[in-house]
$ cat entry_21.cif   # mmCIF, C-alpha atoms
data_data
#
loop_
_atom_site.label_atom_id
_atom_site.label_comp_id
_atom_site.auth_asym_id
_atom_site.auth_seq_id
_atom_site.Cartn_x
_atom_site.Cartn_y
_atom_site.Cartn_z
CA MET U 721 -15.60 -13.59 -0.04
CA TRP U 722 -13.33 -12.71 -2.93
CA GLY U 723 -14.23 -15.63 -5.18
CA LEU U 724 -14.79 -13.42 -8.22
CA LEU U 725 -11.07 -12.54 -8.19
CA SER U 726 -9.86 -15.75 -9.86
CA ARG U 727 -6.11 -16.24 -9.89
CA LEU U 728 -4.45 -16.55 -13.33
CA GLY U 729 -1.60 -19.03 -13.71
CA VAL U 730 -0.52 -18.47 -17.34
CA GLY U 731 0.18 -15.69 -19.78
CA LYS U 732 1.88 -13.35 -17.32
CA ASN U 733 3.85 -10.32 -18.42
CA LYS U 734 5.64 -7.61 -16.46
CA ASP U 735 2.34 -6.13 -15.28
CA ASP U 736 0.46 -9.40 -14.73
CA GLU U 737 1.71 -10.67 -11.41
CA GLY U 738 -0.66 -13.62 -10.87
CA MET U 739 1.50 -15.92 -8.77
CA THR U 740 2.29 -19.58 -8.26
CA GLU U 741 2.09 -21.24 -4.86
CA SER U 742 5.83 -20.85 -4.27
CA GLU U 743 5.99 -17.09 -4.87
CA ARG U 744 5.73 -14.45 -2.17
CA TRP U 745 4.60 -10.84 -2.20
CA LEU U 746 5.54 -7.96 0.07
CA VAL U 747 2.74 -5.42 0.59
CA VAL U 748 3.85 -2.35 2.53
CA GLY U 749 1.69 0.44 3.87
CA LEU U 750 3.43 3.78 4.39
CA GLY U 751 2.73 5.92 7.41
CA ASN U 752 4.08 7.22 10.72
CA PRO U 753 4.11 4.99 13.82
CA GLY U 754 2.20 5.69 17.00
CA PRO U 755 -1.31 6.75 18.02
CA LYS U 756 -0.56 10.45 17.47
CA TYR U 757 -0.50 9.87 13.71
CA ALA U 758 -2.97 7.01 13.35
CA GLY U 759 -5.80 9.02 11.77
CA ASN U 760 -3.63 11.26 9.58
CA ARG U 761 -4.00 11.40 5.81
CA HIS U 762 -0.31 10.43 5.65
CA ASN U 763 -1.24 7.11 7.28
CA ALA U 764 -3.63 5.95 4.57
CA GLY U 765 -1.17 3.19 3.65
CA PHE U 766 -1.19 1.86 7.20
CA MET U 767 -4.99 1.89 7.17
CA VAL U 768 -5.13 -0.26 4.02
CA VAL U 769 -2.72 -2.95 5.23
CA ASP U 770 -4.47 -2.92 8.62
CA ALA U 771 -7.71 -3.72 6.76
CA LEU U 772 -6.02 -6.57 4.88
CA ALA U 773 -4.67 -8.03 8.13
CA ALA U 774 -8.00 -7.65 9.94
CA ASP U 775 -9.82 -9.45 7.12
CA LYS U 776 -7.57 -12.47 7.73
CA GLY U 777 -7.93 -12.23 11.51
CA GLU U 778 -4.16 -11.79 11.85
CA ARG U 779 -2.16 -9.89 14.48
CA TRP U 780 0.91 -7.82 13.75
CA LYS U 781 4.28 -8.98 15.08
CA ALA U 782 7.61 -7.20 15.33
CA HIS U 783 10.29 -8.02 12.77
CA LYS U 784 14.02 -7.41 13.11
CA ALA U 785 13.94 -5.26 9.94
CA ASN U 786 12.30 -2.55 12.10
CA ALA U 787 8.77 -3.18 10.91
CA ASP U 788 5.57 -4.85 12.02
CA VAL U 789 4.55 -7.76 9.80
CA VAL U 790 1.79 -10.26 9.15
CA GLU U 791 2.61 -13.42 7.19
CA THR U 792 -0.55 -14.73 5.56
CA ARG U 793 -2.21 -15.95 2.37
CA ILE U 794 -4.64 -13.97 0.26
CA ASP U 795 -6.62 -16.06 -2.22
CA GLY U 796 -3.75 -18.55 -2.44
CA ALA U 797 -1.01 -15.93 -2.66
CA SER U 798 1.74 -16.00 -0.03
CA VAL U 799 1.92 -12.44 1.31
CA VAL U 800 3.88 -10.48 3.90
CA LEU U 801 1.98 -7.38 5.00
CA ALA U 802 4.22 -4.75 6.56
CA LYS U 803 4.25 -1.39 8.34
CA PRO U 804 7.67 0.21 8.89
CA ARG U 805 8.31 1.25 12.49
CA THR U 806 10.37 4.20 11.31
CA PHE U 807 8.94 7.56 10.37
CA MET U 808 7.73 8.09 6.82
CA ASN U 809 10.86 9.85 5.57
CA VAL U 810 13.04 6.80 6.25
CA SER U 811 10.60 4.03 5.31
CA GLY U 812 12.95 2.58 2.72
CA GLY U 813 15.36 0.89 5.11
CA PRO U 814 12.78 -1.45 6.65
CA ILE U 815 11.26 -2.18 3.23
CA ALA U 816 14.62 -3.14 1.75
CA GLY U 817 15.38 -5.23 4.84
CA LEU U 818 12.11 -7.11 4.54
CA ALA U 819 12.57 -7.68 0.81
CA LYS U 820 16.00 -9.18 1.48
CA PHE U 821 14.85 -11.31 4.43
CA TYR U 822 11.82 -12.75 2.61
CA LYS U 823 13.61 -12.91 -0.77
CA VAL U 824 10.95 -10.83 -2.54
CA PRO U 825 12.03 -9.29 -5.87
CA MET U 826 11.08 -5.74 -6.70
CA GLU U 827 8.37 -6.80 -9.16
CA ARG U 828 6.39 -8.35 -6.28
CA ILE U 829 6.66 -5.40 -3.87
CA VAL U 830 3.48 -3.33 -3.52
CA VAL U 831 3.64 0.02 -1.69
CA VAL U 832 0.38 1.62 -0.57
CA HIS U 833 0.61 5.35 0.12
CA ASP U 834 -1.28 8.62 0.35
CA GLU U 835 -1.29 10.85 -2.74
CA MET U 836 -2.11 14.57 -2.66
CA ASP U 837 -2.28 14.92 -6.43
CA ILE U 838 -5.34 12.65 -6.53
CA ASP U 839 -8.80 13.65 -5.31
CA TYR U 840 -9.95 12.18 -2.02
CA GLY U 841 -11.48 8.75 -2.54
CA ALA U 842 -9.81 8.14 -5.90
CA LEU U 843 -7.23 5.41 -6.57
CA LYS U 844 -4.39 5.23 -9.07
CA LEU U 845 -2.35 2.08 -9.58
CA LYS U 846 0.96 1.86 -11.39
CA ARG U 847 4.42 0.38 -11.53
CA GLY U 848 7.44 2.64 -11.18
CA GLY U 849 7.67 6.36 -11.65
CA GLY U 850 8.94 9.26 -9.59
CA SER U 851 8.23 10.20 -6.01
CA GLY U 852 6.13 13.30 -6.74
CA GLY U 853 7.66 14.90 -3.64
CA HIS U 854 6.52 12.03 -1.39
CA ASN U 855 9.37 11.44 1.04
CA GLY U 856 8.30 7.88 1.80
CA LEU U 857 8.60 6.99 -1.87
CA LYS U 858 11.93 8.83 -2.16
CA SER U 859 13.32 6.75 0.70
CA THR U 860 11.86 3.51 -0.70
CA THR U 861 13.27 4.07 -4.18
CA ALA U 862 16.71 4.93 -2.78
CA SER U 863 16.79 1.89 -0.49
CA LEU U 864 15.59 -0.51 -3.19
CA SER U 865 18.02 1.03 -5.72
CA GLY U 866 15.19 1.58 -8.19
CA PRO U 867 11.59 2.74 -8.64
CA ASP U 868 10.04 -0.30 -10.34
CA TYR U 869 7.86 -1.49 -7.47
CA LEU U 870 4.07 -1.37 -7.65
CA ARG U 871 2.18 1.54 -6.12
CA VAL U 872 -1.39 1.81 -4.87
CA ARG U 873 -1.95 5.56 -4.62
CA PHE U 874 -4.72 6.54 -2.20
CA GLY U 875 -6.06 10.00 -3.00
CA VAL U 876 -6.13 12.47 -0.09
CA GLY U 877 -6.57 15.64 -2.15
CA ARG U 878 -4.71 18.94 -2.17
CA PRO U 879 -4.60 21.18 0.91
CA PRO U 880 -7.21 23.93 1.07
CA GLY U 881 -6.19 27.51 0.36
CA ARG U 882 -2.57 28.23 1.23
CA MET U 883 -2.16 25.46 3.77
CA ASP U 884 1.30 23.90 3.80
CA PRO U 885 1.08 20.43 2.20
CA ALA U 886 3.15 19.03 5.09
CA VAL U 887 0.50 20.26 7.52
CA HIS U 888 -2.31 18.86 5.36
CA VAL U 889 -1.02 15.28 5.30
CA LEU U 890 -0.33 15.31 9.04
CA ARG U 891 -3.93 16.19 9.82
CA ASP U 892 -6.71 13.66 10.32
CA PHE U 893 -9.31 13.18 7.62
CA SER U 894 -11.98 15.84 7.94
CA SER U 895 -15.52 15.39 9.25
CA THR U 896 -16.81 15.43 5.67
CA GLU U 897 -14.25 12.82 4.56
CA ARG U 898 -14.55 10.38 7.46
CA PRO U 899 -18.00 8.93 6.57
CA GLU U 900 -16.50 7.48 3.36
CA LEU U 901 -13.10 6.59 4.79
CA GLU U 902 -13.81 2.97 5.69
CA LEU U 903 -15.31 2.33 2.25
CA ASN U 904 -12.35 3.97 0.52
CA VAL U 905 -9.85 2.00 2.58
CA GLU U 906 -11.63 -1.27 1.78
CA ARG U 907 -11.70 -0.39 -1.91
CA ALA U 908 -7.93 0.15 -1.83
CA ALA U 909 -7.55 -3.19 -0.03
CA ASP U 910 -9.59 -4.81 -2.82
CA ALA U 911 -7.24 -3.22 -5.36
CA VAL U 912 -4.28 -4.84 -3.59
CA ARG U 913 -6.02 -8.22 -3.59
CA THR U 914 -6.66 -7.92 -7.31
CA ILE U 915 -3.02 -7.06 -8.05
CA LEU U 916 -1.95 -10.17 -6.14
CA THR U 917 -4.41 -12.51 -7.82
CA GLU U 918 -5.05 -11.11 -11.29
CA GLY U 919 -2.27 -8.65 -12.03
CA LEU U 920 -1.82 -4.91 -12.32
CA GLY U 921 -3.65 -4.57 -15.63
CA ARG U 922 -6.85 -6.11 -14.30
CA ALA U 923 -6.63 -4.08 -11.10
CA GLN U 924 -6.25 -0.86 -13.10
CA ASN U 925 -9.31 -1.73 -15.20
CA VAL U 926 -11.44 -2.31 -12.11
CA PHE U 927 -10.18 0.27 -9.60
CA HIS U 928 -8.19 2.94 -11.44
CA THR U 929 -10.11 6.22 -11.22
CA ALA U 930 -10.27 8.07 -14.53
CA ALA U 931 -8.68 11.52 -14.60
#
$ encode --input "entry_21.cif" --output "structure tokens"
Amino acid sequence: MWGLLSRLGVGKNKDDEGMTESERWLVVGLGNPGPKYAGNRHNAGFMVVDALAADKGERWKAHKANADVVETRIDGASVVLAKPRTFMNVSGGPIAGLAKFYKVPMERIVVVHDEMDIDYGALKLKRGGGSGGHNGLKSTTASLSGPDYLRVRFGVGRPPGRMDPAVHVLRDFSSTERPELELNVERAADAVRTILTEGLGRAQNVFHTAA
């Protein structure tokens, strides 16, 4: 299905994470656990890793690091998909625990999260940077003792009018947004696949939405 995403084995640099058979990636979706939050904008990260797991026909299992995980392969890459069981603001603990358990270095950790400063449906991909007020990223950076993990930023747009941003992200996608949601989630999943198989630079060229 993803044959056009050929995996590169040579010429890697810091932002070209094509991997060998022995390497492992950790791909984490950020969100809040439980059905109450499942359709929220804040759970876009969960939606993307759910799509990746569903594509492989895999079921989530509980991990002692306080997360749900799927251990799988994506186009030859060994990957652990993960969803912290904690609330968003303390996501970092489970992520750090998983990274330690699976022996995944920071350069092969990918965090998928909602981003208010990007228009709905747009994607931005990068390594490192600040949290931009996103508490899940704040917690992740603190727990990993650094910001240099990869980010797939899923645009959810700014709140309308004077709505509190905290209220905006804890609301479900609107009736006008939902028709495109599945397509946008799958596009973000494709961006993750491309990072794993061809590196960040290639993924940015294909999926990064121009400002």
$ closest_residue --input "entry_21.cif" --among "U:Arg793, U:Lys781, U:Arg922, U:Arg871" --to "Glu743 in chain U" --atoms "all atoms listed in the file"
U:Arg793
$ closest_residue --input "entry_21.cif" --among "U:Gly841, U:Gly777, U:Gly759, U:Gly921" --to "Ala908 in chain U" --atoms "only C-alpha atoms"
U:Gly841
$ closest_residue --input "entry_21.cif" --among "U:Thr929, U:Ser894, U:Thr914, U:Asn809" --to "Ile794 in chain U" --atoms "only C-alpha atoms"
U:Thr914
$ resolve_selection --input "entry_21.cif" --expression "the PyMOL selection byres ((chain U and resi 785) around 9)" --output "ChimeraX atom specification"
/U:782-784,786-788,804-805,813-818,821
$ residues_around --input "entry_21.cif" --residues "Val790 in chain U" --least-positions-apart "3" --cutoff "6 Å" --atoms "only C-alpha atoms" --output "PyMOL selection string"
chain U and resi 780+800-801
$ residues_around --input "entry_21.cif" --residues "Gly765 in chain U" --least-positions-apart "4" --cutoff "6 Å" --atoms "only C-alpha atoms" --output "ChimeraX atom specification"
/U:749-750,832-833
$ closest_residue --input "entry_21.cif" --among "U:Leu857, U:Val810, U:Ala819, U:Leu772" --to "Asp795 in chain U" --atoms "all atoms listed in the file"
U:Leu772
$ closest_residue --input "entry_21.cif" --among "U:Gly751, U:Gly848, U:Pro880, U:Pro885" --to "Val769 in chain U" --atoms "only C-alpha atoms"
U:Gly751
$ closest_residue --input "entry_21.cif" --among "U:Val747, U:Leu916, U:Ala842, U:Val926" --to "Gly796 in chain U" --atoms "all atoms listed in the file"
U:Leu916
$ resolve_selection --input "entry_21.cif" --expression "the PyMOL selection byres ((chain U and resi 744) around 6)" --output "JSON, numbers by chain"
{"U": [743, 745, 798, 799]}
$ resolve_selection --input "entry_21.cif" --expression "the PyMOL selection byres ((chain U and resi 825) around 10)" --output "NGL selection string"
:U and (743-746 or 819-820 or 822-824 or 826-829 or 864 or 869)
$ atom_distance --input "entry_21.cif" --atom1 "CA of Asp910 in chain U" --atom2 "CA of Val876 in chain U"
17.8 Å
$ atom_distance --input "entry_21.cif" --atom1 "CA of Asp868 in chain U" --atom2 "CA of Asn752 in chain U"
23.1 Å
$ residues_around --input "entry_21.cif" --residues "Gly856 in chain U" --least-positions-apart "3" --cutoff "6 Å" --atoms "all atoms listed in the file" --output "list of chain:residue names"
U:Met808, U:Asn809, U:Ser811, U:Ser859
$ atom_distance --input "entry_21.cif" --atom1 "CA of Gly853 in chain U" --atom2 "CA of Gly919 in chain U"
26.9 Å
$ build_atoms --input "entry_21.cif" --residues "range 816-827 of chain U" --atoms "all heavy atoms" --output "short mmCIF file (atom, residue, chain, number, x, y, z; two decimals), keeping the file's coordinate frame"
data_model
loop_
_atom_site.label_atom_id
_atom_site.label_comp_id
_atom_site.auth_asym_id
_atom_site.auth_seq_id
_atom_site.Cartn_x
_atom_site.Cartn_y
_atom_site.Cartn_z
N ALA U 816 13.51 -2.40 2.37
CA ALA U 816 14.62 -3.14 1.75
C ALA U 816 15.03 -4.32 2.62
O ALA U 816 15.34 -5.41 2.10
CB ALA U 816 15.80 -2.20 1.52
N GLY U 817 15.03 -4.13 3.94
CA GLY U 817 15.38 -5.23 4.84
C GLY U 817 14.41 -6.39 4.75
O GLY U 817 14.81 -7.56 4.75
N LEU U 818 13.13 -6.07 4.67
CA LEU U 818 12.11 -7.11 4.54
C LEU U 818 12.22 -7.83 3.20
O LEU U 818 12.10 -9.06 3.13
CB LEU U 818 10.72 -6.51 4.70
CG LEU U 818 10.36 -6.02 6.10
CD1 LEU U 818 9.06 -5.21 6.05
CD2 LEU U 818 10.23 -7.17 7.09
N ALA U 819 12.44 -7.07 2.14
CA ALA U 819 12.57 -7.68 0.81
C ALA U 819 13.74 -8.67 0.78
O ALA U 819 13.64 -9.76 0.21
CB ALA U 819 12.75 -6.60 -0.25
N LYS U 820 14.84 -8.29 1.44
CA LYS U 820 16.00 -9.18 1.48
C LYS U 820 15.71 -10.40 2.34
O LYS U 820 16.01 -11.54 1.95
CB LYS U 820 17.21 -8.42 2.03
CG LYS U 820 18.47 -9.26 2.10
CD LYS U 820 19.65 -8.43 2.60
CE LYS U 820 20.92 -9.28 2.66
NZ LYS U 820 22.09 -8.47 3.16
N PHE U 821 15.11 -10.21 3.51
CA PHE U 821 14.85 -11.31 4.43
C PHE U 821 13.91 -12.34 3.82
O PHE U 821 14.14 -13.55 3.91
CB PHE U 821 14.25 -10.76 5.72
CG PHE U 821 13.94 -11.82 6.75
CD1 PHE U 821 14.91 -12.24 7.64
CD2 PHE U 821 12.68 -12.39 6.82
CE1 PHE U 821 14.64 -13.23 8.59
CE2 PHE U 821 12.40 -13.38 7.76
CZ PHE U 821 13.38 -13.79 8.65
N TYR U 822 12.83 -11.86 3.18
CA TYR U 822 11.82 -12.75 2.61
C TYR U 822 12.10 -13.14 1.16
O TYR U 822 11.32 -13.85 0.55
CB TYR U 822 10.44 -12.12 2.72
CG TYR U 822 9.90 -12.08 4.13
CD1 TYR U 822 9.86 -10.88 4.84
CD2 TYR U 822 9.42 -13.23 4.76
CE1 TYR U 822 9.36 -10.82 6.14
CE2 TYR U 822 8.93 -13.18 6.06
CZ TYR U 822 8.90 -11.98 6.74
OH TYR U 822 8.42 -11.93 8.03
N LYS U 823 13.20 -12.60 0.61
CA LYS U 823 13.61 -12.91 -0.77
C LYS U 823 12.51 -12.54 -1.78
O LYS U 823 12.15 -13.33 -2.67
CB LYS U 823 13.99 -14.39 -0.91
CG LYS U 823 15.18 -14.79 -0.04
CD LYS U 823 15.52 -16.26 -0.18
CE LYS U 823 16.79 -16.64 0.56
NZ LYS U 823 16.71 -16.39 2.02
N VAL U 824 11.99 -11.33 -1.64
CA VAL U 824 10.95 -10.83 -2.54
C VAL U 824 11.58 -9.89 -3.55
O VAL U 824 12.18 -8.87 -3.17
CB VAL U 824 9.85 -10.08 -1.75
CG1 VAL U 824 8.78 -9.56 -2.71
CG2 VAL U 824 9.23 -11.00 -0.70
N PRO U 825 11.47 -10.19 -4.85
CA PRO U 825 12.03 -9.29 -5.87
C PRO U 825 11.18 -8.03 -6.02
O PRO U 825 10.02 -8.00 -5.60
CB PRO U 825 11.98 -10.13 -7.14
CG PRO U 825 10.84 -11.07 -6.92
CD PRO U 825 10.83 -11.37 -5.45
N MET U 826 11.76 -7.02 -6.61
CA MET U 826 11.08 -5.74 -6.70
C MET U 826 9.73 -5.83 -7.43
O MET U 826 8.78 -5.13 -7.07
CB MET U 826 11.96 -4.69 -7.40
CG MET U 826 11.39 -3.28 -7.25
SD MET U 826 12.37 -1.96 -7.99
CE MET U 826 13.96 -2.18 -7.27
N GLU U 827 9.63 -6.73 -8.40
CA GLU U 827 8.37 -6.80 -9.16
C GLU U 827 7.20 -7.33 -8.34
O GLU U 827 6.05 -7.22 -8.76
CB GLU U 827 8.55 -7.65 -10.42
CG GLU U 827 8.96 -9.08 -10.18
CD GLU U 827 10.46 -9.30 -10.28
OE1 GLU U 827 11.23 -8.32 -10.06
OE2 GLU U 827 10.86 -10.44 -10.57
#
